[in-house]
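Coordinates as given in entry27.tsv (TSV, N, CA and C atoms):
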```tsv
chain	number	residue	atom	x	y	z
A	75	MET	N	122.42	-22.09	191.92
A	75	MET	CA	121.88	-22.60	190.67
A	75	MET	C	122.29	-21.66	189.53
A	76	THR	N	122.45	-22.23	188.39
A	76	THR	CA	122.80	-21.45	187.21
A	76	THR	C	121.97	-21.92	186.02
A	77	SER	N	121.75	-21.03	185.09
A	77	SER	CA	121.00	-21.42	183.91
A	77	SER	C	121.87	-22.19	182.93
A	78	GLY	N	123.17	-22.10	183.08
A	78	GLY	CA	124.07	-22.82	182.18
A	78	GLY	C	123.98	-22.28	180.76
A	79	THR	N	124.46	-23.05	179.82
A	79	THR	CA	124.42	-22.62	178.42
A	79	THR	C	123.43	-23.42	177.60
A	80	SER	N	122.96	-24.51	178.17
A	80	SER	CA	121.96	-25.30	177.44
A	80	SER	C	121.01	-25.94	178.44
A	81	GLY	N	119.75	-25.68	178.26
A	81	GLY	CA	118.76	-26.30	179.13
A	81	GLY	C	118.43	-25.48	180.36
A	82	GLY	N	117.87	-26.16	181.34
A	82	GLY	CA	117.40	-25.52	182.55
A	82	GLY	C	118.48	-25.30	183.60
A	83	ALA	N	118.02	-24.94	184.78
A	83	ALA	CA	118.94	-24.62	185.87
A	83	ALA	C	119.71	-25.87	186.32
A	84	LYS	N	120.96	-25.63	186.71
A	84	LYS	CA	121.82	-26.71	187.17
A	84	LYS	C	122.47	-26.29	188.48
A	85	ALA	N	122.69	-27.26	189.36
A	85	ALA	CA	123.40	-26.98	190.61
A	85	ALA	C	124.89	-26.95	190.33
A	86	VAL	N	125.58	-25.97	190.89
A	86	VAL	CA	127.02	-25.85	190.75
A	86	VAL	C	127.63	-25.90	192.14
A	87	VAL	N	128.46	-26.88	192.37
A	87	VAL	CA	129.09	-27.05	193.68
A	87	VAL	C	130.42	-26.31	193.69
A	88	LEU	N	130.58	-25.43	194.66
A	88	LEU	CA	131.85	-24.72	194.84
A	88	LEU	C	132.42	-25.14	196.18
A	89	THR	N	133.65	-25.62	196.16
A	89	THR	CA	134.29	-26.00	197.41
A	89	THR	C	134.88	-24.76	198.07
A	90	GLN	N	135.19	-24.85	199.34
A	90	GLN	CA	135.84	-23.74	200.03
A	90	GLN	C	137.19	-23.45	199.38
A	91	ALA	N	137.91	-24.49	199.01
A	91	ALA	CA	139.22	-24.30	198.37
A	91	ALA	C	139.07	-23.56	197.04
A	92	ASN	N	138.03	-23.88	196.28
A	92	ASN	CA	137.80	-23.22	195.00
A	92	ASN	C	137.54	-21.73	195.20
A	93	VAL	N	136.72	-21.40	196.17
A	93	VAL	CA	136.38	-19.99	196.43
A	93	VAL	C	137.61	-19.23	196.92
A	94	VAL	N	138.39	-19.83	197.81
A	94	VAL	CA	139.59	-19.16	198.33
A	94	VAL	C	140.61	-18.98	197.22
A	95	TRP	N	140.83	-20.01	196.38
A	95	TRP	CA	141.78	-19.90	195.29
A	95	TRP	C	141.37	-18.81	194.29
A	96	THR	N	140.08	-18.78	193.95
A	96	THR	CA	139.59	-17.79	192.99
A	96	THR	C	139.79	-16.37	193.52
A	97	SER	N	139.47	-16.14	194.78
A	97	SER	CA	139.63	-14.79	195.32
A	97	SER	C	141.11	-14.44	195.45
A	98	ALA	N	141.97	-15.41	195.77
A	98	ALA	CA	143.41	-15.15	195.86
A	98	ALA	C	143.98	-14.81	194.48
A	99	ALA	N	143.54	-15.53	193.45
A	99	ALA	CA	144.00	-15.26	192.09
A	99	ALA	C	143.56	-13.88	191.63
A	100	ALA	N	142.32	-13.51	191.94
A	100	ALA	CA	141.83	-12.18	191.57
A	100	ALA	C	142.61	-11.09	192.30
A	101	CYS	N	142.86	-11.30	193.58
A	101	CYS	CA	143.61	-10.35	194.39
A	101	CYS	C	144.99	-10.11	193.78
A	102	LYS	N	145.67	-11.18	193.42
A	102	LYS	CA	147.00	-11.08	192.83
A	102	LYS	C	146.96	-10.43	191.45
A	103	ALA	N	146.02	-10.86	190.61
A	103	ALA	CA	145.92	-10.33	189.24
A	103	ALA	C	145.63	-8.83	189.22
A	104	TRP	N	144.81	-8.38	190.17
A	104	TRP	CA	144.41	-6.97	190.20
A	104	TRP	C	145.34	-6.13	191.07
A	105	GLY	N	146.32	-6.75	191.71
A	105	GLY	CA	147.26	-6.00	192.54
A	105	GLY	C	146.62	-5.35	193.75
A	106	ARG	N	145.69	-6.05	194.39
A	106	ARG	CA	145.00	-5.48	195.55
A	106	ARG	C	145.89	-5.49	196.77
A	107	GLY	N	145.74	-4.46	197.62
A	107	GLY	CA	146.55	-4.37	198.82
A	107	GLY	C	145.83	-3.66	199.95
A	108	PRO	N	146.53	-3.43	201.05
A	108	PRO	CA	145.92	-2.83	202.24
A	108	PRO	C	145.37	-1.42	202.03
A	109	GLU	N	145.84	-0.72	201.01
A	109	GLU	CA	145.36	0.64	200.76
A	109	GLU	C	144.02	0.67	200.01
A	110	ASP	N	143.57	-0.46	199.52
A	110	ASP	CA	142.33	-0.51	198.74
A	110	ASP	C	141.09	-0.53	199.63
A	111	ARG	N	140.04	0.09	199.12
A	111	ARG	CA	138.74	0.15	199.79
A	111	ARG	C	137.69	-0.38	198.84
A	112	TYR	N	136.77	-1.17	199.35
A	112	TYR	CA	135.75	-1.82	198.54
A	112	TYR	C	134.36	-1.43	199.00
A	113	LEU	N	133.49	-1.23	198.05
A	113	LEU	CA	132.06	-1.08	198.33
A	113	LEU	C	131.38	-2.27	197.66
A	114	THR	N	130.69	-3.05	198.45
A	114	THR	CA	130.02	-4.25	197.94
A	114	THR	C	128.51	-4.05	198.04
A	115	PRO	N	127.87	-3.58	196.96
A	115	PRO	CA	126.43	-3.34	197.00
A	115	PRO	C	125.60	-4.60	196.77
A	116	LEU	N	126.22	-5.67	196.26
A	116	LEU	CA	125.47	-6.89	196.00
A	116	LEU	C	125.20	-7.65	197.29
A	117	PRO	N	124.09	-8.37	197.36
A	117	PRO	CA	123.83	-9.19	198.55
A	117	PRO	C	124.84	-10.34	198.61
A	118	LEU	N	125.21	-10.73	199.83
A	118	LEU	CA	126.26	-11.74	199.99
A	118	LEU	C	125.83	-13.15	199.62
A	119	HIS	N	124.58	-13.36	199.24
A	119	HIS	CA	124.21	-14.68	198.73
A	119	HIS	C	124.61	-14.83	197.27
A	120	HIS	N	125.09	-13.75	196.65
A	120	HIS	CA	125.55	-13.76	195.27
A	120	HIS	C	127.05	-14.08	195.27
A	121	ILE	N	127.50	-15.03	194.46
A	121	ILE	CA	128.89	-15.47	194.48
A	121	ILE	C	129.85	-14.34	194.14
A	122	ASN	N	129.47	-13.43	193.26
A	122	ASN	CA	130.35	-12.31	192.94
A	122	ASN	C	130.60	-11.44	194.16
A	123	ALA	N	129.57	-11.20	194.94
A	123	ALA	CA	129.73	-10.40	196.15
A	123	ALA	C	130.66	-11.10	197.14
A	124	GLN	N	130.54	-12.41	197.25
A	124	GLN	CA	131.39	-13.15	198.19
A	124	GLN	C	132.84	-13.16	197.75
A	125	VAL	N	133.09	-13.51	196.48
A	125	VAL	CA	134.46	-13.69	196.01
A	125	VAL	C	135.13	-12.36	195.69
A	126	VAL	N	134.52	-11.56	194.84
A	126	VAL	CA	135.15	-10.32	194.39
A	126	VAL	C	135.01	-9.21	195.42
A	127	GLY	N	133.82	-9.05	195.97
A	127	GLY	CA	133.58	-7.93	196.86
A	127	GLY	C	134.06	-8.11	198.27
A	128	LEU	N	134.10	-9.34	198.77
A	128	LEU	CA	134.44	-9.56	200.17
A	128	LEU	C	135.78	-10.27	200.33
A	129	LEU	N	135.91	-11.47	199.78
A	129	LEU	CA	137.12	-12.26	200.02
A	129	LEU	C	138.37	-11.67	199.36
A	130	THR	N	138.23	-11.08	198.17
A	130	THR	CA	139.38	-10.46	197.53
A	130	THR	C	139.89	-9.30	198.39
A	131	ALA	N	138.98	-8.54	198.95
A	131	ALA	CA	139.37	-7.43	199.82
A	131	ALA	C	140.06	-7.94	201.08
A	132	ILE	N	139.53	-8.98	201.67
A	132	ILE	CA	140.11	-9.53	202.90
A	132	ILE	C	141.50	-10.09	202.63
A	133	GLN	N	141.66	-10.83	201.55
A	133	GLN	CA	142.96	-11.41	201.23
A	133	GLN	C	144.00	-10.34	200.91
A	134	GLY	N	143.56	-9.23	200.34
A	134	GLY	CA	144.49	-8.14	200.04
A	134	GLY	C	144.76	-7.26	201.24
A	135	GLY	N	144.00	-7.44	202.32
A	135	GLY	CA	144.18	-6.62	203.52
A	135	GLY	C	143.43	-5.31	203.46
A	136	GLY	N	142.55	-5.12	202.48
A	136	GLY	CA	141.79	-3.88	202.34
A	136	GLY	C	140.57	-3.83	203.24
A	137	ALA	N	139.84	-2.75	203.14
A	137	ALA	CA	138.63	-2.55	203.94
A	137	ALA	C	137.40	-2.74	203.05
A	138	VAL	N	136.32	-3.24	203.66
A	138	VAL	CA	135.08	-3.50	202.93
A	138	VAL	C	133.93	-2.75	203.58
A	139	ALA	N	133.12	-2.09	202.75
A	139	ALA	CA	131.86	-1.51	203.21
A	139	ALA	C	130.75	-2.26	202.49
A	140	LEU	N	129.83	-2.81	203.26
A	140	LEU	CA	128.71	-3.52	202.67
A	140	LEU	C	127.59	-2.53	202.42
A	141	GLY	N	127.13	-2.44	201.17
A	141	GLY	CA	126.06	-1.53	200.82
A	141	GLY	C	124.73	-2.02	201.35
A	142	ALA	N	123.97	-1.11	201.89
A	142	ALA	CA	122.66	-1.46	202.44
A	142	ALA	C	121.57	-0.90	201.54
A	143	ARG	N	121.22	-1.65	200.53
A	143	ARG	CA	120.13	-1.28	199.62
A	143	ARG	C	120.28	0.13	199.05
A	144	LEU	N	121.42	0.41	198.50
A	144	LEU	CA	121.64	1.70	197.87
A	144	LEU	C	120.87	1.78	196.56
A	145	PRO	N	120.09	2.81	196.36
A	145	PRO	CA	119.45	2.98	195.05
A	145	PRO	C	120.54	3.21	194.00
A	146	PRO	N	120.37	2.73	192.79
A	146	PRO	CA	121.40	2.87	191.76
A	146	PRO	C	121.88	4.31	191.57
A	147	ALA	N	120.98	5.28	191.67
A	147	ALA	CA	121.37	6.68	191.47
A	147	ALA	C	122.35	7.16	192.56
A	148	LYS	N	122.30	6.57	193.74
A	148	LYS	CA	123.19	6.97	194.83
A	148	LYS	C	124.44	6.11	194.92
A	149	LEU	N	124.48	5.01	194.18
A	149	LEU	CA	125.60	4.09	194.26
A	149	LEU	C	126.91	4.75	193.84
A	150	TRP	N	126.92	5.46	192.74
A	150	TRP	CA	128.16	6.06	192.24
A	150	TRP	C	128.67	7.13	193.19
A	151	GLY	N	127.80	7.86	193.84
A	151	GLY	CA	128.23	8.86	194.80
A	151	GLY	C	128.85	8.26	196.05
A	152	ALA	N	128.39	7.05	196.40
A	152	ALA	CA	128.92	6.37	197.58
A	152	ALA	C	130.35	5.96	197.35
```
Before anything else, please render the file you have as structure tokens.
Amino acid sequence: MTSGTSGGAKAVVLTQANVVWTSAAACKAWGRGPEDRYLTPLPLHHINAQVVGLLTAIQGGGAVALGARLPPAKLWGA
């Protein structure tokens, strides 16, 4: 659900193809590759965590570490 730009919450349907294309485009635009390492502190029910933090890393061949409730003060050190 999203708040949109006018009015109340709206359902937004994302297809599998849309999610895969978006993560592939981000991977290419950012030049991600096997040498990259990702820390994904967001929960995976959040679309940003799925697309940017997880799928972009997988498509680039990089490694992903899923953050387990890191307090903000410890996030930067991780």
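Look at region 87-97 of chain A: the protein and nucleic acid residues within 7 Å of it, using all atoms listed in the file and passing over chain neighbours fewer than 4 places away, are Cys101, Lys102, Val125, Val126, Leu129, Thr130 and Gln133 of chain A.
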**Request:** Using atom C of Gly107 (chain A) and atom N of Gly141 (chain A) as the two end points, give the distance in Å to one decimal.
**Result:** 18.8 Å
**Two-atom distance - atom N of Gly134 (chain A), atom C of Arg106 (chain A) (Å)** =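 These atoms are spaced 5.7 Å apart.
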**Prompt:** Which of chain A counts as helix (DSSP H, G or I) under DSSP, as a PyMOL selection string please?
**Reply:** chain A and resi 90-104+121-134+146-149
**Message:** The residues within 9 Å of (132.5, -9.0, 206.6), using only C-alpha atoms and the coordinates of the file, should be reported as a list of chain:residue names; which are they?
**Reply:** A:Leu128, A:Leu129, A:Ile132, A:Val138, A:Ala139, A:Leu140
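The spacing separating atom N of Gly151 (chain A) from atom C of Pro117 (chain A) amounts to 19.0 Å.
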**Asked** For Pro115 (chain A), which residue out of A:Thr76, A:Ala100, A:Lys148, A:Lys84 is the nearest one, using only C-alpha atoms?
**Response**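 Among A:Thr76, A:Ala100, A:Lys148, A:Lys84, it is A:Lys148 that comes nearest to Pro115 (chain A).
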